[in-house]
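Each remark here refers to the structure printed beneath this line.
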Amino acid sequence: MTSIATLEIDALSIALPRGGDRTDAVSSVSLAIEPGRTLCVVGESGSGKSVMATSVMGLLPRELRVSAGQIRLEGESLLEASRARLRSLRGKAMGMVFQEPMTALNPVMRCGDQIDELLRTHGSESATERLRAIREVLERVHLSEPERIFRSYPHQLSGGQRQRIVIAMAVILKPALLICDEPTTALDVTTQKEILSLIAELRRDQGSAVLFITHDMGVVADIADDVMVMHQGRCVEQGPRDQILRTPSAEYTRMLLAAVPGMTPPAPRVRTPAAVRLHARSVGKTYLSRDWMGRRQETAALKDASLALEAGETVGIVGESGSGKSTFARCLIRLIDPSEGDIHWGSDEVARRSERDLRPLRHRVQMVFQDPNRSLNPRRTVGGAIVEGAVNFGLSRADAQALAERLISQVRLPPQSLARYPGQFSGGQRQRIAIARALACRPEVLVADEAVSALDVSVQAQILDLLRDIQAELGLGLLFITHDLRVAAQLCDRVIVMQRGRIVEQGATQALYASPHHPYTRHLLASAPAGLDHGR
Amino acid sequence: MNTFERLWANGAFRYGATVLALVLVMGVLAPFLGTVDPAVMDYNNINRAAGHTGSFTLVDGSQVAHAFWLGTDNFGRDLYSRVVYGARVSLLVALCTAFLALLAGGAVGMLAGYFRSADLVLMRLMDGLMAIPAILLAIALVAALGASITTVVVAIAIPEIPRVSRLVRSLVLTLREEPFVEAARALATPAPVILLRHILPNALAPLLVQGTFVAASAVLLEAILSFLGLGLPAEIPTWGNIMAEGRTQFSQYPGNVLYPALFLVPTVLALNLLGDGLRDVLDPKFSKR
């Protein structure tokens, strides 16, 4: 290829402040992106991929500094550029799309004004010309009702619409380089699909080079021309997409690919019918609010949801954000009070019990939460956390301590962990601790609410294996709430699909994935990132 | 680095802690720092200049050689002794007020934040309390209960309670939604245990910071009350009533007002800086500055 690269990074190293877990956040990484091509940088958290992207923008936090190497944008060195020059390049020659569209926009400024501000900083066109350019870009990012969006504040828009605004701001000046840092991670799969095709379309039309940071191999398969795999700040492997995805040479890449759950469910397990441990009938949750006139407004978060979970069975609830799946789960373990319907834990009806009457039964149903950083009290030792439930249900201190020691080895952590604090553990380890804490009550049902969503894919695979093993050992009923259809496919016997607070379809996993009946299920399955089925 | 090392690396904390430690040592060791009984009036030594040396007549009539480092007031009391002993009262008032305000405000705030049913009643009560002017409340209390350290502490602490309770309530409102609190509920942990074991330890750092600011304003308020003649009885030396008594002769003997002020200002400043330092280190939002 003869064309000159838009972005060229040459042996870039970025030093971490002393006392970090390694000396360099990024160490001698080189890459080049030509116009009209997309380079995906994949890696797990802490691999240095985002640090590299921010160094291109010249937005490195003060603690970090480039220790060696070169970054060139269309031949111009960015590391030697003055602050003023960098400022004028940002937006004009390089645009950036961030992960969280809510925090990337100013909440007290109308979207139209925010885009206008960008144009005013960079150009001197007249107000009418700017207005025309904004209208044009809003159409280009396929926002319906551009007039309304122009006048809206960020909080009045959906996540997908906000991300489109951020993209509009990134591309309005037709930059030669578009940097996307996990732009779809915070979005639902259906929205993710749309945003990915939008980015691909803009790249085609404008001939921009795209530097795309992601942790999701499925997204890579969808959008990349070239792929670079990063691990611990180093480039592990680099090459065209198909080569990396089909014939990876590095061991780490192979591990990463193998850990990605496939879209095809495995053959169903043979299970004999067992006792129903958790049973819900027509559960609904309605939130009441009053508008400024004092009129009652009812918002139904959950309508007519029913479920029966047997011992030893795994049921998945899938759906996008706002589908009511978490509301359902929290009603089922009575963290919130359902407005209607019955819930049985074993043979006891619990939907209308008071907190006090509920307490003796609480051990039957336990929960593992999404965010392992927040689900453990940072000021209590791991041992304290695990012992708490067991002691509440009448075990003596000594017995509870012995139980905790057994459980901590069951979730494959060393026994010394009990004396330490949650802050000393990684996300995956903390999720293990949270599982041990739930098991300490000897539950019959374990509810996992997005329990692996915040974890890296290799860690995710380990936690899923752990859950499988524990279920087989203890015969637990497992209710698994997730937005990730791939995880649900691999783990669940049955899947329930929810949309806007209702159950729209349910069935045995294999049958449901093979022939979905409801149009929404079909849409959801079609939107999932390209499968990486590698015959597990 | 552990917490104390991080605190010590913070300049504001270091200054605040050092000055407060000095004032504390001064207060505790007051009898051994070359002082005489601060309440004794010796009319042979009225309005002595700073640095005068001579003899001082004690209550029992015996004479001791004494250096009047800061001079004497118009009753012939040794200013240096009064200022040094005054540190005791100031620190005692600061500590007791902060403790009382944190205890009461913390309890109210935790209950209001965790139990929705208690919220409305308790917080309206606190709003009502906030509407009463602090000085007027103090005047009323001193008039009703008589001037004593207890009265002064209570009078200063009461107006601080709503402020502390609002802070604690807002902390509890955020913390009660944390997954680890929900997990504790799912583990059947009773509400009082959740409050003490899971919520309070996580709210302690901001509470401690608020406590130092309460203490700083308590030192000032005690001085103001004593200055107005509403604080402690005149026979107990405090920085406030030394200044109040010196006020009448300010033009001839400015030292009677200035010397206690020279101790009061750094103490209040130290308390405030201690609070700033604690907040910078303990509150992750400020740790990057």
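Letters A, B, ... go to the chains of the structure tokens in the order shown; residues in each chain start at 1; ligands are counted from 1 in the same order.
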Per residue of range 115-233 of chain B within 9 Å of range 364-367 of chain A, record the nearest atom pair and its distance in Å to one decimal, counting only C-alpha atoms, with rows in chain order and ascending residue number, as a Markdown table.
| residue | atom | partner | partner_atom | distance |
| --- | --- | --- | --- | --- |
| B:Ala183 | CA | A:Met367 | CA | 7.2 |
| B:Ala186 | CA | A:Gln366 | CA | 6.5 |
| B:Leu187 | CA | A:Gln366 | CA | 7.5 |
Mind the document's chain letters and residue numbers, and return as a PyMOL selection string the residues of range 9-213 of chain A that DSSP labels strand (DSSP E or B). chain A and resi 9-15+24-33+38-42+65-73+76-77+90+94-97+177-181+209-213
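Residues in contact with Ala138 in chain B at up to 9 Å, not including ones fewer than 6 positions away on its chain and judged by only C-alpha atoms, are Thr151, Val152, Val154, Ala155, Ile156, Leu225, Leu230 and Gly231 of chain B.
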Distance cut-off 8 Å, counting only C-alpha atoms - which residues of chain B neighbour chain A? Return them as number ranges by chain. B: 178-189, 198, 201-202
Keeping only C-alpha atoms, write those residues as a PDB file, in the first residue's frame.
ATOM      1  CA  GLU B 178     -25.306   0.614  47.772  1.00  0.00           C
ATOM      2  CA  PRO B 179     -25.340  -3.049  46.801  1.00  0.00           C
ATOM      3  CA  PHE B 180     -23.450  -4.036  49.944  1.00  0.00           C
ATOM      4  CA  VAL B 181     -26.283  -2.660  52.063  1.00  0.00           C
ATOM      5  CA  GLU B 182     -28.824  -4.509  49.926  1.00  0.00           C
ATOM      6  CA  ALA B 183     -26.715  -7.636  50.280  1.00  0.00           C
ATOM      7  CA  ALA B 184     -26.825  -7.226  54.050  1.00  0.00           C
ATOM      8  CA  ARG B 185     -30.616  -6.944  53.882  1.00  0.00           C
ATOM      9  CA  ALA B 186     -30.745 -10.109  51.795  1.00  0.00           C
ATOM     10  CA  LEU B 187     -28.619 -11.785  54.481  1.00  0.00           C
ATOM     11  CA  ALA B 188     -31.353 -10.923  56.988  1.00  0.00           C
ATOM     12  CA  THR B 189     -29.200  -8.471  58.933  1.00  0.00           C
ATOM     13  CA  HIS B 198     -22.343  -1.174  57.231  1.00  0.00           C
ATOM     14  CA  PRO B 201     -18.145   3.126  59.153  1.00  0.00           C
ATOM     15  CA  ASN B 202     -18.533   4.312  55.583  1.00  0.00           C
TER      16      ASN B 202
END
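With only C-alpha atoms as the atoms that count, the residue of B:Ile242, B:Leu258, B:Val214, B:Val168 with the shortest distance to Val108 in chain B is B:Val168.
For the set A:Ala400, A:Met169, A:Ala311, A:Leu202, the residue with the smallest atom-to-atom gap to Gly36 in chain A is A:Leu202, counting only C-alpha atoms.
The neighbours of Val495 in chain A here are the residues that come within 9 Å of it, using only C-alpha atoms and leaving out any residue fewer than 3 positions away in the same chain; they are Thr314, Val315, Gly316, Ile317, Val318, Ala488, Ala489, Cys492, Glu505, Gln506, Gly507, Ala508, Thr509 and Leu512 of chain A.
The environment of range 100-107 of chain B within 8 Å, counting only C-alpha atoms and disregarding residues fewer than 3 places along the same chain, consists of B:Cys96, B:Thr97, B:Met110, B:Leu111, B:Val154, B:Ala157, B:Ile158, B:Glu160, B:Ile161, B:Pro162, B:Arg163, B:Val164, B:Ser165, B:Arg166, B:Val168, B:Leu207, B:Gly211, B:Val214.
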Among range 337-418 of chain A, which ones does DSSP place in helix (DSSP H, G or I), written as a PyMOL selection string? chain A and resi 355-364+382-392+397-410+415-418
Would you output that residue set with C-alpha atoms, as an mmCIF file, in the first residue's frame?
data_model
loop_
_atom_site.group_PDB
_atom_site.id
_atom_site.type_symbol
_atom_site.label_atom_id
_atom_site.label_comp_id
_atom_site.auth_asym_id
_atom_site.auth_seq_id
_atom_site.Cartn_x
_atom_site.Cartn_y
_atom_site.Cartn_z
ATOM 1 C CA GLU A 355 -39.230 -7.284 56.582
ATOM 2 C CA ARG A 356 -39.306 -8.761 60.090
ATOM 3 C CA ASP A 357 -41.369 -11.815 59.083
ATOM 4 C CA LEU A 358 -39.222 -12.256 56.021
ATOM 5 C CA ARG A 359 -35.923 -12.440 57.876
ATOM 6 C CA PRO A 360 -36.142 -16.084 58.986
ATOM 7 C CA LEU A 361 -36.744 -17.120 55.347
ATOM 8 C CA ARG A 362 -34.119 -14.921 53.718
ATOM 9 C CA HIS A 363 -31.490 -17.650 53.647
ATOM 10 C CA ARG A 364 -33.458 -19.517 50.991
ATOM 11 C CA VAL A 382 -13.831 -10.699 53.612
ATOM 12 C CA GLY A 383 -14.250 -13.130 56.495
ATOM 13 C CA GLY A 384 -16.632 -10.707 58.245
ATOM 14 C CA ALA A 385 -18.714 -10.444 55.102
ATOM 15 C CA ILE A 386 -19.004 -14.209 54.643
ATOM 16 C CA VAL A 387 -19.684 -14.932 58.306
ATOM 17 C CA GLU A 388 -22.419 -12.300 58.596
ATOM 18 C CA GLY A 389 -25.215 -14.272 56.943
ATOM 19 C CA ALA A 390 -24.328 -17.554 58.623
ATOM 20 C CA VAL A 391 -24.379 -15.905 62.065
ATOM 21 C CA ASN A 392 -27.687 -14.191 61.286
ATOM 22 C CA ARG A 397 -19.087 -17.794 65.488
ATOM 23 C CA ALA A 398 -16.744 -20.783 65.428
ATOM 24 C CA ASP A 399 -18.956 -22.823 63.105
ATOM 25 C CA ALA A 400 -19.445 -19.833 60.824
ATOM 26 C CA GLN A 401 -15.705 -19.295 60.702
ATOM 27 C CA ALA A 402 -15.140 -22.927 59.742
ATOM 28 C CA LEU A 403 -17.857 -22.603 57.083
ATOM 29 C CA ALA A 404 -16.225 -19.462 55.726
ATOM 30 C CA GLU A 405 -12.910 -21.279 55.410
ATOM 31 C CA ARG A 406 -14.581 -24.062 53.482
ATOM 32 C CA LEU A 407 -16.454 -21.672 51.221
ATOM 33 C CA ILE A 408 -13.444 -19.526 50.414
ATOM 34 C CA SER A 409 -11.625 -22.581 49.125
ATOM 35 C CA GLN A 410 -14.762 -23.665 47.293
ATOM 36 C CA PRO A 415 -7.775 -19.134 53.121
ATOM 37 C CA GLN A 416 -5.640 -16.090 54.057
ATOM 38 C CA SER A 417 -8.128 -14.019 52.020
ATOM 39 C CA LEU A 418 -10.555 -14.060 54.947
#
Quick one: residues within 12 Å of Phe115 in chain B, only C-alpha atoms counted, chain neighbours fewer than 3 positions away excluded, as a list in words? Ala107, Val108, Gly109, Met110, Leu111, Ala112, Ala118, Asp119, Leu120, Val121, Leu122, Met123, Arg169, Val172, Leu173, Arg176, Ala191, Pro192 and Leu195 of chain B
Excluding range 266-276 of chain B and residues on its chain fewer than 3 positions from it, collect all residues at most 12 Å away from it, counting only C-alpha atoms, and give them as JSON, numbers by chain. {"B": [7, 8, 10, 11, 12, 13, 14, 15, 16, 17, 18, 19, 20, 21, 22, 23, 24, 87, 90, 91, 94, 95, 98, 205, 206, 207, 208, 209, 210, 211, 212, 213, 214, 215, 216, 217, 218, 219, 220, 221, 222, 223, 239, 259, 260, 261, 262, 263, 279, 280, 281, 282, 283, 286, 287]}
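Atom pair CA of Arg164 in chain A / CA of Leu143 in chain A has a distance of 7.3 Å (rounded to one decimal).
Shortest separation to His215 in chain A among A:Asp188, A:Asp484, A:Asp10, A:Glu44 occurs at residue A:Glu44, atoms counted being only C-alpha atoms.
Here the question is which of A:Val276, A:Ile496, A:Leu173, A:Leu138 gets nearest to Ser347 in chain A using only C-alpha atoms, and that residue is A:Val276.
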